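Reviewing the structure listed below.
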Number of protein chains: 2
Amino acid sequence: MDEFQLIRAITPKTHYHEKLILGIGDDAAVFRPDDGKNIVVCQDQMVEGTHFTKTTMGMSDVGYKALAANISDIAAMGAWPAYYLVTLTIPKHTNKDEIRDLYKGMQELASFYSMDLIGGDTTSGPALIINVTVLGYADPKQILTRSGAQPGDVLFVTGFVGESGAGLDTLLKNGRHMRFLDMEAEIVRTHQRPVPRCVEGRLLREAGSTCANDISDGLASELWEIAEASSSTLVIEEDAIQFRGYMLTLERKQALQYAFSGGEDFELVGTIAADKWPLLEELFKAKTSVPVTRIGYVESGPSRVLSRQTGRVLEKSGYNHLSKGDNHGDVRDSYDN
Amino acid sequence: MDEFQLIRAITPKTHYHEKLILGIGDDAAVFRPDDGKNIVVCQDQMVEGTHFTKTTMGMSDVGYKALAANISDIAAMGAWPAYYLVTLTIPKHTNKDEIRDLYKGMQELASFYSMDLIGGDTTSGPALIINVTVLGYADPKQILTRSGAQPGDVLFVTGFVGESGAGLDTLLKNGRHMRFLDMEAEIVRTHQRPVPRCVEGRLLREAGSTCANDISDGLASELWEIAEASSSTLVIEEDAIQFRGYMLTLERKQALQYAFSGGEDFELVGTIAADKWPLLEELFKAKTSVPVTRIGYVESGPSRVLSRQTGRVLEKSGYNHLSKGDNHGDVRDSYDN
């Protein structure tokens, strides 16, 4: 299979969106935006050696996760994904099957959300790099921002946090070809194939929330982003954070460490007016199997995150990728969208 | 200056587009699309060592050109740019001033077009890579596609082709710090700071053209793309191709070689119905200093490019970046948008 055949193999023959006028194959893609909707756009990239290794991730997992990280950003706006672009940097002598697997993993997730691949670029370079851009639609009247937290709001998180970080450590210890026990398989899967919370983001909007952030760099880092963008104090009640399965086999202190600084859970953390919290709980019970948990509250005060238990300021110890000395991890944290 | 200061330095404080609701700083950017317009989007990346070297390009040139290549794709649709996203992959120990210069070059061009930087990502990696996405607006009734050529159409090109390739060779020979003669400085500038033809793309639409392609990989390669997408034969009259300045000091055969396979001129090549050609000429004379030149015609027949002079099929010898053995150059050619 030569490169042209590869491109033909990954170029979609049909598309989901009838408003897509021109997809891959010209200088640019063209689509007619949905009436009355706003456009939402984000971009995120994964570099081999910095964000993943072949020890911990199969190529289809890498493709899946690169797209999932972007869809998660869309979900954290209370928006819905529609289109994506992919640019690959491929080292010479890369096996074509690996690239095919990478696209396959991406397409599995894209087809679930009926997303059309509309463009990108492919170049050679010294490392495998997957750059993904996602375009979607947001309600013109209500988006979920990091700056939307108000004093008096309930602070909540969806799903179970910390599992991705624990899954990564399990993978680093055993490699991805290990036959994992059920409980381990669950956290490994959370690391390799996290599920973006688009449905849950929609429920947040429905209940009247105005503030959310997706957990890409660890709960501590995301809470700080909300506190700073909202100019408020977030009070976190560590005791309220829920764990399940494998995480319950750990000392609670270690589980909390994963939750606060593990990262890549792609759950949503946000706030909602206290009087709307019961409605949010109700909507989650009725419409998703993902739980939502109250983990604290917002109060007026300086931009900071306080522990209710210790009364101390929580450290910003966000997740800095595989390489702990990676300074650009910090750049990424602040610039990222 | 640490990374946070760098990010603050490059994050725009104001924006041009009043419909931009949320720029950099949240999970995603949000904007309200212009009424009645279609969205156009493209993505292109430049890898150090593959697409540029520091011998031939200053960092601000690299930033300028990475954005220019994308704006050129928008121009080739007859569309207008509005927003851009930038993802950088930065090797460790990169000088911060270099990154600042890179953004500066980009901002010079962006401010000319009143484009807002709305997102991206920054990660560390083994090579300097600049990935740019541009979003813009297209007329819902008329876009310029590669498939828009019709038998009987006039084939035309804007500006002067071949200068970027000749400029690259001059730079590779002398380095970019050479004191160039005026004529050399012109082709060096075309290579380092090509001007995207947005105004000219708009004139093409105004005159009623439906087909254009920007010259990123050389005239031969772009003509073939049109021939294949339009299922037509393009007949090229080599004698009609115009040169100026430095290019006139070369043997015509060598100048033509640069035009056909040099690439990165970012001029537009396209077709228009023969009866509309005089209007196009008139519009160019009245509204731009960039010339438009008739260089052949379209006829019914198999997808191919024929030389009027020799009667032979023109080779697809497109530009394959600095590294001639770079197979992914081919992939890029076909997948690129």
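We label chains A, B, ... in the order they appear in the structure tokens, count residues from 1 in each chain, and number ligands from 1 in the order shown.
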Q) Could you pull the residues within 10 Å of Ser221 of chain B, counting only C-alpha atoms, minus those fewer than 2 positions along the same chain, as a count of residues only? A) 21
I'd like the superposed copy of chain A - fitted to chain B by least squares over all paired Cα atoms - as a JSON list (two decimals) with C-alpha atoms, in the first residue's frame.
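Contents of result.json, freshly written:
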```json
[["chain", "number", "residue", "atom", "x", "y", "z"],
["A", 1, "MET", "CA", 10.60, 35.36, 31.06],
["A", 2, "ASP", "CA", 8.91, 32.10, 32.07],
["A", 3, "GLU", "CA", 6.34, 30.20, 30.01],
["A", 4, "PHE", "CA", 3.34, 31.89, 31.60],
["A", 5, "GLN", "CA", 4.78, 35.30, 30.78],
["A", 6, "LEU", "CA", 5.38, 34.13, 27.22],
["A", 7, "ILE", "CA", 1.78, 33.01, 26.89],
["A", 8, "ARG", "CA", 0.54, 36.29, 28.31],
["A", 9, "ALA", "CA", 2.77, 38.13, 25.85],
["A", 10, "ILE", "CA", 1.29, 36.36, 22.84],
["A", 11, "THR", "CA", -2.34, 36.18, 23.99],
["A", 12, "PRO", "CA", -4.26, 38.96, 22.28],
["A", 13, "LYS", "CA", -5.77, 41.54, 24.65],
["A", 14, "THR", "CA", -8.34, 42.80, 22.15],
["A", 15, "HIS", "CA", -10.08, 41.25, 19.20],
["A", 16, "TYR", "CA", -11.17, 42.40, 15.76],
["A", 17, "HIS", "CA", -14.36, 40.37, 15.35],
["A", 18, "GLU", "CA", -17.25, 41.54, 17.47],
["A", 19, "LYS", "CA", -18.91, 38.16, 16.97],
["A", 20, "LEU", "CA", -16.04, 36.44, 18.81],
["A", 21, "ILE", "CA", -17.68, 35.47, 22.10],
["A", 22, "LEU", "CA", -14.82, 33.57, 23.73],
["A", 23, "GLY", "CA", -11.21, 33.52, 22.53],
["A", 24, "ILE", "CA", -8.15, 31.94, 24.17],
["A", 25, "GLY", "CA", -8.46, 30.96, 27.83],
["A", 26, "ASP", "CA", -11.27, 28.41, 28.10],
["A", 27, "ASP", "CA", -11.71, 24.84, 26.89],
["A", 28, "ALA", "CA", -12.69, 26.06, 23.42],
["A", 29, "ALA", "CA", -13.31, 29.27, 21.48],
["A", 30, "VAL", "CA", -16.85, 30.34, 20.58],
["A", 31, "PHE", "CA", -18.03, 32.70, 17.85],
["A", 32, "ARG", "CA", -21.33, 33.62, 16.23],
["A", 33, "PRO", "CA", -21.08, 32.95, 12.47],
["A", 34, "ASP", "CA", -21.81, 35.77, 10.04],
["A", 35, "ASP", "CA", -25.41, 35.64, 8.80],
["A", 36, "GLY", "CA", -25.87, 33.92, 5.48],
["A", 37, "LYS", "CA", -22.20, 32.99, 5.09],
["A", 38, "ASN", "CA", -20.62, 29.56, 4.91],
["A", 39, "ILE", "CA", -17.67, 28.58, 7.09],
["A", 40, "VAL", "CA", -14.42, 27.63, 5.38],
["A", 41, "VAL", "CA", -11.61, 25.88, 7.26],
["A", 42, "CYS", "CA", -8.12, 24.63, 6.41],
["A", 43, "GLN", "CA", -5.02, 23.39, 8.21],
["A", 44, "ASP", "CA", -1.37, 23.24, 7.22],
["A", 45, "GLN", "CA", 1.81, 22.60, 9.12],
["A", 46, "MET", "CA", 5.51, 23.40, 8.70],
["A", 47, "VAL", "CA", 8.22, 21.16, 10.15],
["A", 48, "GLU", "CA", 11.79, 22.40, 10.69],
["A", 49, "GLY", "CA", 14.12, 20.45, 8.43],
["A", 50, "THR", "CA", 11.30, 19.37, 6.12],
["A", 51, "HIS", "CA", 9.63, 22.68, 5.20],
["A", 52, "PHE", "CA", 12.16, 25.25, 6.37],
["A", 53, "THR", "CA", 15.57, 25.69, 7.96],
["A", 54, "LYS", "CA", 17.01, 28.54, 9.95],
["A", 55, "THR", "CA", 19.54, 29.05, 7.13],
["A", 56, "THR", "CA", 16.81, 30.28, 4.83],
["A", 57, "MET", "CA", 14.14, 31.66, 7.14],
["A", 58, "GLY", "CA", 14.16, 33.92, 10.20],
["A", 59, "MET", "CA", 11.72, 32.89, 12.90],
["A", 60, "SER", "CA", 9.35, 35.75, 12.12],
["A", 61, "ASP", "CA", 9.40, 34.62, 8.45],
["A", 62, "VAL", "CA", 8.51, 31.08, 9.58],
["A", 63, "GLY", "CA", 5.53, 32.39, 11.56],
["A", 64, "TYR", "CA", 4.44, 34.67, 8.74],
["A", 65, "LYS", "CA", 4.68, 31.92, 6.13],
["A", 66, "ALA", "CA", 2.91, 29.24, 8.20],
["A", 67, "LEU", "CA", -0.09, 31.56, 8.44],
["A", 68, "ALA", "CA", 0.26, 32.77, 4.83],
["A", 69, "ALA", "CA", 0.10, 29.20, 3.48],
["A", 70, "ASN", "CA", -3.26, 28.74, 5.19],
["A", 71, "ILE", "CA", -4.66, 32.11, 4.18],
["A", 72, "SER", "CA", -3.67, 31.21, 0.64],
["A", 73, "ASP", "CA", -5.88, 28.11, 0.83],
["A", 74, "ILE", "CA", -8.76, 30.32, 1.97],
["A", 75, "ALA", "CA", -8.06, 32.74, -0.91],
["A", 76, "ALA", "CA", -8.12, 29.83, -3.37],
["A", 77, "MET", "CA", -11.73, 29.17, -2.33],
["A", 78, "GLY", "CA", -12.65, 32.78, -3.06],
["A", 79, "ALA", "CA", -13.19, 33.12, 0.70],
["A", 80, "TRP", "CA", -11.98, 35.54, 3.37],
["A", 81, "PRO", "CA", -10.04, 34.64, 6.58],
["A", 82, "ALA", "CA", -11.35, 35.55, 10.04],
["A", 83, "TYR", "CA", -9.84, 33.38, 12.81],
["A", 84, "TYR", "CA", -6.77, 31.22, 13.36],
["A", 85, "LEU", "CA", -5.47, 28.62, 15.80],
["A", 86, "VAL", "CA", -1.79, 27.81, 16.30],
["A", 87, "THR", "CA", -0.24, 24.70, 17.80],
["A", 88, "LEU", "CA", 3.50, 24.74, 18.37],
["A", 89, "THR", "CA", 5.78, 21.81, 19.07],
["A", 90, "ILE", "CA", 8.90, 23.26, 20.68],
["A", 91, "PRO", "CA", 12.20, 21.44, 21.31],
["A", 92, "LYS", "CA", 13.59, 21.83, 24.82],
["A", 93, "HIS", "CA", 16.14, 24.64, 25.20],
["A", 94, "THR", "CA", 14.52, 26.70, 22.44],
["A", 95, "ASN", "CA", 15.23, 30.38, 22.90],
["A", 96, "LYS", "CA", 12.06, 32.19, 24.07],
["A", 97, "ASP", "CA", 12.88, 35.15, 21.82],
["A", 98, "GLU", "CA", 12.63, 32.83, 18.81],
["A", 99, "ILE", "CA", 9.10, 31.82, 19.79],
["A", 100, "ARG", "CA", 8.19, 35.43, 20.36],
["A", 101, "ASP", "CA", 9.56, 36.32, 16.90],
["A", 102, "LEU", "CA", 7.59, 33.49, 15.36],
["A", 103, "TYR", "CA", 4.33, 34.86, 16.80],
["A", 104, "LYS", "CA", 5.36, 38.37, 15.79],
["A", 105, "GLY", "CA", 5.67, 37.33, 12.15],
["A", 106, "MET", "CA", 2.28, 35.67, 12.35],
["A", 107, "GLN", "CA", 0.67, 38.66, 14.00],
["A", 108, "GLU", "CA", 1.99, 41.03, 11.32],
["A", 109, "LEU", "CA", 0.03, 39.14, 8.70],
["A", 110, "ALA", "CA", -2.97, 38.44, 10.97],
["A", 111, "SER", "CA", -3.42, 42.11, 11.81],
["A", 112, "PHE", "CA", -3.34, 43.00, 8.11],
["A", 113, "TYR", "CA", -6.38, 40.74, 7.64],
["A", 114, "SER", "CA", -7.92, 41.60, 11.04],
["A", 115, "MET", "CA", -7.73, 37.94, 12.05],
["A", 116, "ASP", "CA", -8.18, 36.88, 15.68],
["A", 117, "LEU", "CA", -5.99, 34.18, 17.28],
["A", 118, "ILE", "CA", -8.60, 32.04, 19.08],
["A", 119, "GLY", "CA", -6.80, 28.93, 20.27],
["A", 120, "GLY", "CA", -4.27, 26.17, 19.88],
["A", 121, "ASP", "CA", -1.88, 24.19, 21.98],
["A", 122, "THR", "CA", 1.81, 24.26, 22.95],
["A", 123, "THR", "CA", 3.76, 21.07, 23.63],
["A", 124, "SER", "CA", 7.38, 20.06, 23.72],
["A", 125, "GLY", "CA", 8.76, 17.69, 21.12],
["A", 126, "PRO", "CA", 11.88, 16.81, 19.15],
["A", 127, "ALA", "CA", 11.52, 19.44, 16.38],
["A", 128, "LEU", "CA", 10.04, 22.86, 15.90],
["A", 129, "ILE", "CA", 6.64, 22.38, 14.24],
["A", 130, "ILE", "CA", 4.09, 25.08, 13.49],
["A", 131, "ASN", "CA", 0.55, 23.91, 12.89],
["A", 132, "VAL", "CA", -1.94, 26.55, 11.76],
["A", 133, "THR", "CA", -5.69, 26.32, 11.25],
["A", 134, "VAL", "CA", -7.61, 29.14, 9.59],
["A", 135, "LEU", "CA", -11.36, 29.68, 9.66],
["A", 136, "GLY", "CA", -13.06, 32.09, 7.32],
["A", 137, "TYR", "CA", -16.20, 32.94, 5.44],
["A", 138, "ALA", "CA", -17.31, 31.91, 1.97],
["A", 139, "ASP", "CA", -20.13, 33.12, -0.21],
["A", 140, "PRO", "CA", -22.89, 30.50, 0.01],
["A", 141, "LYS", "CA", -23.57, 30.73, -3.74],
["A", 142, "GLN", "CA", -20.08, 30.69, -5.19],
["A", 143, "ILE", "CA", -16.87, 29.01, -4.13],
["A", 144, "LEU", "CA", -13.77, 28.35, -6.21],
["A", 145, "THR", "CA", -13.11, 24.61, -6.34],
["A", 146, "ARG", "CA", -10.57, 22.42, -8.09],
["A", 147, "SER", "CA", -13.45, 20.65, -9.80],
["A", 148, "GLY", "CA", -14.95, 23.81, -11.31],
["A", 149, "ALA", "CA", -13.08, 23.79, -14.67],
["A", 150, "GLN", "CA", -15.22, 23.43, -17.81],
["A", 151, "PRO", "CA", -14.16, 22.68, -21.42],
["A", 152, "GLY", "CA", -13.79, 26.00, -23.23],
["A", 153, "ASP", "CA", -12.61, 27.85, -20.11],
["A", 154, "VAL", "CA", -9.60, 30.10, -20.20],
["A", 155, "LEU", "CA", -6.76, 28.89, -17.94],
["A", 156, "PHE", "CA", -5.05, 31.70, -16.04],
["A", 157, "VAL", "CA", -2.51, 32.38, -13.29],
["A", 158, "THR", "CA", -2.06, 35.41, -11.02],
["A", 159, "GLY", "CA", 1.26, 37.16, -10.41],
["A", 160, "PHE", "CA", 4.63, 35.64, -11.31],
["A", 161, "VAL", "CA", 5.32, 31.98, -10.63],
["A", 162, "GLY", "CA", 8.67, 30.33, -9.94],
["A", 163, "GLU", "CA", 10.13, 33.16, -7.87],
["A", 164, "SER", "CA", 9.75, 31.37, -4.55],
["A", 165, "GLY", "CA", 11.70, 28.34, -5.75],
["A", 166, "ALA", "CA", 14.43, 30.52, -7.23],
["A", 167, "GLY", "CA", 14.46, 32.49, -3.97],
["A", 168, "LEU", "CA", 14.93, 29.28, -1.99],
["A", 169, "ASP", "CA", 17.92, 28.25, -4.11],
["A", 170, "THR", "CA", 19.44, 31.71, -3.66],
["A", 171, "LEU", "CA", 18.96, 31.41, 0.10],
["A", 172, "LEU", "CA", 20.36, 27.88, 0.25],
["A", 173, "LYS", "CA", 23.44, 29.12, -1.64],
["A", 174, "ASN", "CA", 24.06, 32.36, 0.29],
["A", 175, "GLY", "CA", 22.22, 32.06, 3.61],
["A", 176, "ARG", "CA", 19.62, 34.60, 4.67],
["A", 177, "HIS", "CA", 22.09, 37.13, 6.07],
["A", 178, "MET", "CA", 23.60, 37.89, 2.64],
["A", 179, "ARG", "CA", 23.27, 41.44, 1.33],
["A", 180, "PHE", "CA", 21.19, 40.66, -1.73],
["A", 181, "LEU", "CA", 20.94, 42.71, -4.93],
["A", 182, "ASP", "CA", 17.48, 44.23, -5.52],
["A", 183, "MET", "CA", 16.44, 41.54, -7.98],
["A", 184, "GLU", "CA", 17.55, 38.79, -5.62],
["A", 185, "ALA", "CA", 15.91, 40.48, -2.66],
["A", 186, "GLU", "CA", 12.61, 40.35, -4.59],
["A", 187, "ILE", "CA", 12.67, 36.56, -5.05],
["A", 188, "VAL", "CA", 14.00, 35.99, -1.51],
["A", 189, "ARG", "CA", 11.09, 38.02, -0.20],
["A", 190, "THR", "CA", 8.64, 36.00, -2.30],
["A", 191, "HIS", "CA", 10.05, 32.86, -0.68],
["A", 192, "GLN", "CA", 10.10, 34.17, 2.89],
["A", 193, "ARG", "CA", 7.02, 36.41, 2.89],
["A", 194, "PRO", "CA", 4.61, 35.38, 0.12],
["A", 195, "VAL", "CA", 1.44, 37.49, -0.10],
["A", 196, "PRO", "CA", -1.77, 35.44, -0.07],
["A", 197, "ARG", "CA", -4.11, 36.42, -2.91],
["A", 198, "CYS", "CA", -7.34, 37.06, -1.00],
["A", 199, "VAL", "CA", -8.23, 40.22, -2.90],
["A", 200, "GLU", "CA", -7.54, 38.46, -6.19],
["A", 201, "GLY", "CA", -9.65, 35.45, -5.13],
["A", 202, "ARG", "CA", -12.50, 37.87, -4.55],
["A", 203, "LEU", "CA", -11.99, 39.36, -8.03],
["A", 204, "LEU", "CA", -12.14, 35.86, -9.53],
["A", 205, "ARG", "CA", -15.53, 35.37, -7.89],
["A", 206, "GLU", "CA", -16.69, 38.82, -9.02],
["A", 207, "ALA", "CA", -15.83, 37.97, -12.64],
["A", 208, "GLY", "CA", -17.68, 34.65, -12.41],
["A", 209, "SER", "CA", -14.86, 32.10, -12.08],
["A", 210, "THR", "CA", -15.73, 28.83, -10.33],
["A", 211, "CYS", "CA", -12.29, 27.16, -10.32],
["A", 212, "ALA", "CA", -9.04, 27.98, -8.53],
["A", 213, "ASN", "CA", -6.13, 26.34, -6.74],
["A", 214, "ASP", "CA", -3.29, 28.02, -4.88],
["A", 215, "ILE", "CA", 0.25, 27.22, -5.94],
["A", 216, "SER", "CA", 1.85, 25.52, -2.96],
["A", 217, "ASP", "CA", 3.46, 22.54, -4.71],
["A", 218, "GLY", "CA", 4.35, 23.97, -8.13],
["A", 219, "LEU", "CA", 2.25, 24.87, -11.16],
["A", 220, "ALA", "CA", 2.45, 21.37, -12.68],
["A", 221, "SER", "CA", 1.09, 19.69, -9.59],
["A", 222, "GLU", "CA", -1.72, 22.25, -9.17],
["A", 223, "LEU", "CA", -2.74, 21.95, -12.84],
["A", 224, "TRP", "CA", -2.94, 18.18, -12.44],
["A", 225, "GLU", "CA", -5.14, 18.56, -9.38],
["A", 226, "ILE", "CA", -7.57, 20.70, -11.36],
["A", 227, "ALA", "CA", -7.49, 18.33, -14.37],
["A", 228, "GLU", "CA", -8.22, 15.34, -12.14],
["A", 229, "ALA", "CA", -10.87, 17.01, -9.97],
["A", 230, "SER", "CA", -12.59, 18.48, -13.06],
["A", 231, "SER", "CA", -12.18, 15.37, -15.28],
["A", 232, "SER", "CA", -10.88, 17.59, -18.09],
["A", 233, "THR", "CA", -7.77, 18.14, -20.17],
["A", 234, "LEU", "CA", -5.85, 21.33, -19.42],
["A", 235, "VAL", "CA", -3.75, 22.64, -22.29],
["A", 236, "ILE", "CA", -0.86, 24.79, -21.11],
["A", 237, "GLU", "CA", 0.88, 27.32, -23.38],
["A", 238, "GLU", "CA", 4.34, 27.56, -21.79],
["A", 239, "ASP", "CA", 5.21, 30.57, -23.97],
["A", 240, "ALA", "CA", 2.51, 32.60, -22.25],
["A", 241, "ILE", "CA", 4.00, 32.27, -18.75],
["A", 242, "GLN", "CA", 5.39, 35.66, -17.69],
["A", 243, "PHE", "CA", 8.54, 36.31, -15.71],
["A", 244, "ARG", "CA", 10.15, 39.47, -14.34],
["A", 245, "GLY", "CA", 13.37, 40.72, -12.77],
["A", 246, "TYR", "CA", 15.74, 37.99, -11.57],
["A", 247, "MET", "CA", 13.81, 35.28, -13.42],
["A", 248, "LEU", "CA", 14.60, 37.02, -16.75],
["A", 249, "THR", "CA", 18.31, 36.59, -16.03],
["A", 250, "LEU", "CA", 17.84, 32.81, -16.14],
["A", 251, "GLU", "CA", 17.51, 30.67, -19.22],
["A", 252, "ARG", "CA", 13.79, 30.44, -19.97],
["A", 253, "LYS", "CA", 13.93, 26.68, -19.58],
["A", 254, "GLN", "CA", 15.21, 27.01, -16.04],
["A", 255, "ALA", "CA", 12.65, 29.70, -15.16],
["A", 256, "LEU", "CA", 9.91, 27.37, -16.42],
["A", 257, "GLN", "CA", 11.36, 24.58, -14.29],
["A", 258, "TYR", "CA", 10.99, 26.81, -11.21],
["A", 259, "ALA", "CA", 7.45, 27.75, -12.23],
["A", 260, "PHE", "CA", 6.33, 24.16, -12.78],
["A", 261, "SER", "CA", 7.99, 22.47, -9.83],
["A", 262, "GLY", "CA", 9.35, 25.13, -7.46],
["A", 263, "GLY", "CA", 6.21, 25.60, -5.40],
["A", 264, "GLU", "CA", 5.28, 27.95, -2.55],
["A", 265, "ASP", "CA", 4.49, 30.88, -4.83],
["A", 266, "PHE", "CA", 0.99, 31.04, -3.35],
["A", 267, "GLU", "CA", -0.33, 32.59, -6.55],
["A", 268, "LEU", "CA", -3.72, 31.40, -7.80],
["A", 269, "VAL", "CA", -4.21, 29.24, -10.88],
["A", 270, "GLY", "CA", -7.75, 28.80, -12.15],
["A", 271, "THR", "CA", -10.17, 28.81, -15.03],
["A", 272, "ILE", "CA", -13.03, 31.02, -16.20],
["A", 273, "ALA", "CA", -15.58, 30.87, -19.04],
["A", 274, "ALA", "CA", -14.01, 32.43, -22.17],
["A", 275, "ASP", "CA", -16.71, 35.13, -22.41],
["A", 276, "LYS", "CA", -15.99, 36.27, -18.84],
["A", 277, "TRP", "CA", -12.19, 36.45, -19.31],
["A", 278, "PRO", "CA", -12.20, 40.09, -20.54],
["A", 279, "LEU", "CA", -14.10, 41.14, -17.41],
["A", 280, "LEU", "CA", -11.53, 39.36, -15.21],
["A", 281, "GLU", "CA", -8.67, 41.15, -16.99],
["A", 282, "GLU", "CA", -10.48, 44.45, -16.54],
["A", 283, "LEU", "CA", -11.13, 43.88, -12.82],
["A", 284, "PHE", "CA", -7.48, 43.00, -12.19],
["A", 285, "LYS", "CA", -6.31, 46.14, -14.01],
["A", 286, "ALA", "CA", -8.70, 48.30, -12.01],
["A", 287, "LYS", "CA", -8.41, 46.78, -8.55],
["A", 288, "THR", "CA", -5.00, 45.17, -7.95],
["A", 289, "SER", "CA", -1.38, 45.62, -8.89],
["A", 290, "VAL", "CA", -1.11, 41.83, -9.30],
["A", 291, "PRO", "CA", -1.33, 40.79, -12.97],
["A", 292, "VAL", "CA", -3.48, 37.95, -14.30],
["A", 293, "THR", "CA", -2.18, 36.02, -17.31],
["A", 294, "ARG", "CA", -3.92, 33.66, -19.71],
["A", 295, "ILE", "CA", -1.69, 30.55, -19.89],
["A", 296, "GLY", "CA", -3.90, 28.06, -21.76],
["A", 297, "TYR", "CA", -7.38, 26.59, -21.92],
["A", 298, "VAL", "CA", -9.56, 23.66, -20.88],
["A", 299, "GLU", "CA", -10.84, 21.06, -23.33],
["A", 300, "SER", "CA", -12.90, 17.92, -22.95],
["A", 301, "GLY", "CA", -10.83, 14.77, -22.75],
["A", 302, "PRO", "CA", -9.14, 12.58, -20.17],
["A", 303, "SER", "CA", -7.84, 14.09, -16.93],
["A", 304, "ARG", "CA", -4.41, 15.32, -17.93],
["A", 305, "VAL", "CA", -2.24, 18.36, -18.55],
["A", 306, "LEU", "CA", -0.95, 18.81, -22.12],
["A", 307, "SER", "CA", 1.77, 21.10, -23.36],
["A", 308, "ARG", "CA", 0.54, 23.10, -26.37],
["A", 309, "GLN", "CA", 4.15, 23.51, -27.54],
["A", 310, "THR", "CA", 5.28, 19.90, -27.43],
["A", 311, "GLY", "CA", 1.93, 18.11, -27.54],
["A", 312, "ARG", "CA", 3.20, 15.97, -24.66],
["A", 313, "VAL", "CA", 1.67, 15.26, -21.28],
["A", 314, "LEU", "CA", 3.22, 17.43, -18.57],
["A", 315, "GLU", "CA", 4.78, 15.55, -15.66],
["A", 316, "LYS", "CA", 3.24, 15.89, -12.23],
["A", 317, "SER", "CA", 6.64, 16.83, -10.82],
["A", 318, "GLY", "CA", 5.32, 18.78, -7.86],
["A", 319, "TYR", "CA", 7.48, 20.21, -5.16],
["A", 320, "ASN", "CA", 8.40, 17.66, -2.47],
["A", 321, "HIS", "CA", 9.80, 19.95, 0.26],
["A", 322, "LEU", "CA", 13.50, 20.26, 1.03],
["A", 323, "SER", "CA", 14.01, 16.54, 1.38],
["A", 324, "LYS", "CA", 13.56, 15.08, -2.08],
["A", 325, "GLY", "CA", 13.18, 11.53, -0.77],
["A", 326, "ASP", "CA", 10.30, 12.53, 1.49],
["A", 327, "ASN", "CA", 7.48, 10.16, 0.66],
["A", 328, "HIS", "CA", 5.04, 11.88, 2.93],
["A", 329, "GLY", "CA", 5.29, 14.88, 0.68],
["A", 330, "ASP", "CA", 3.07, 12.90, -1.67],
["A", 331, "VAL", "CA", 0.62, 12.09, 1.07],
["A", 332, "ARG", "CA", 0.50, 15.73, 1.97],
["A", 333, "ASP", "CA", -0.22, 16.73, -1.62],
["A", 334, "SER", "CA", -3.33, 14.64, -1.87],
["A", 335, "TYR", "CA", -4.71, 15.02, 1.64],
["A", 336, "ASP", "CA", -3.82, 18.63, 2.20],
["A", 337, "ASN", "CA", -6.43, 21.18, 3.09]]
```
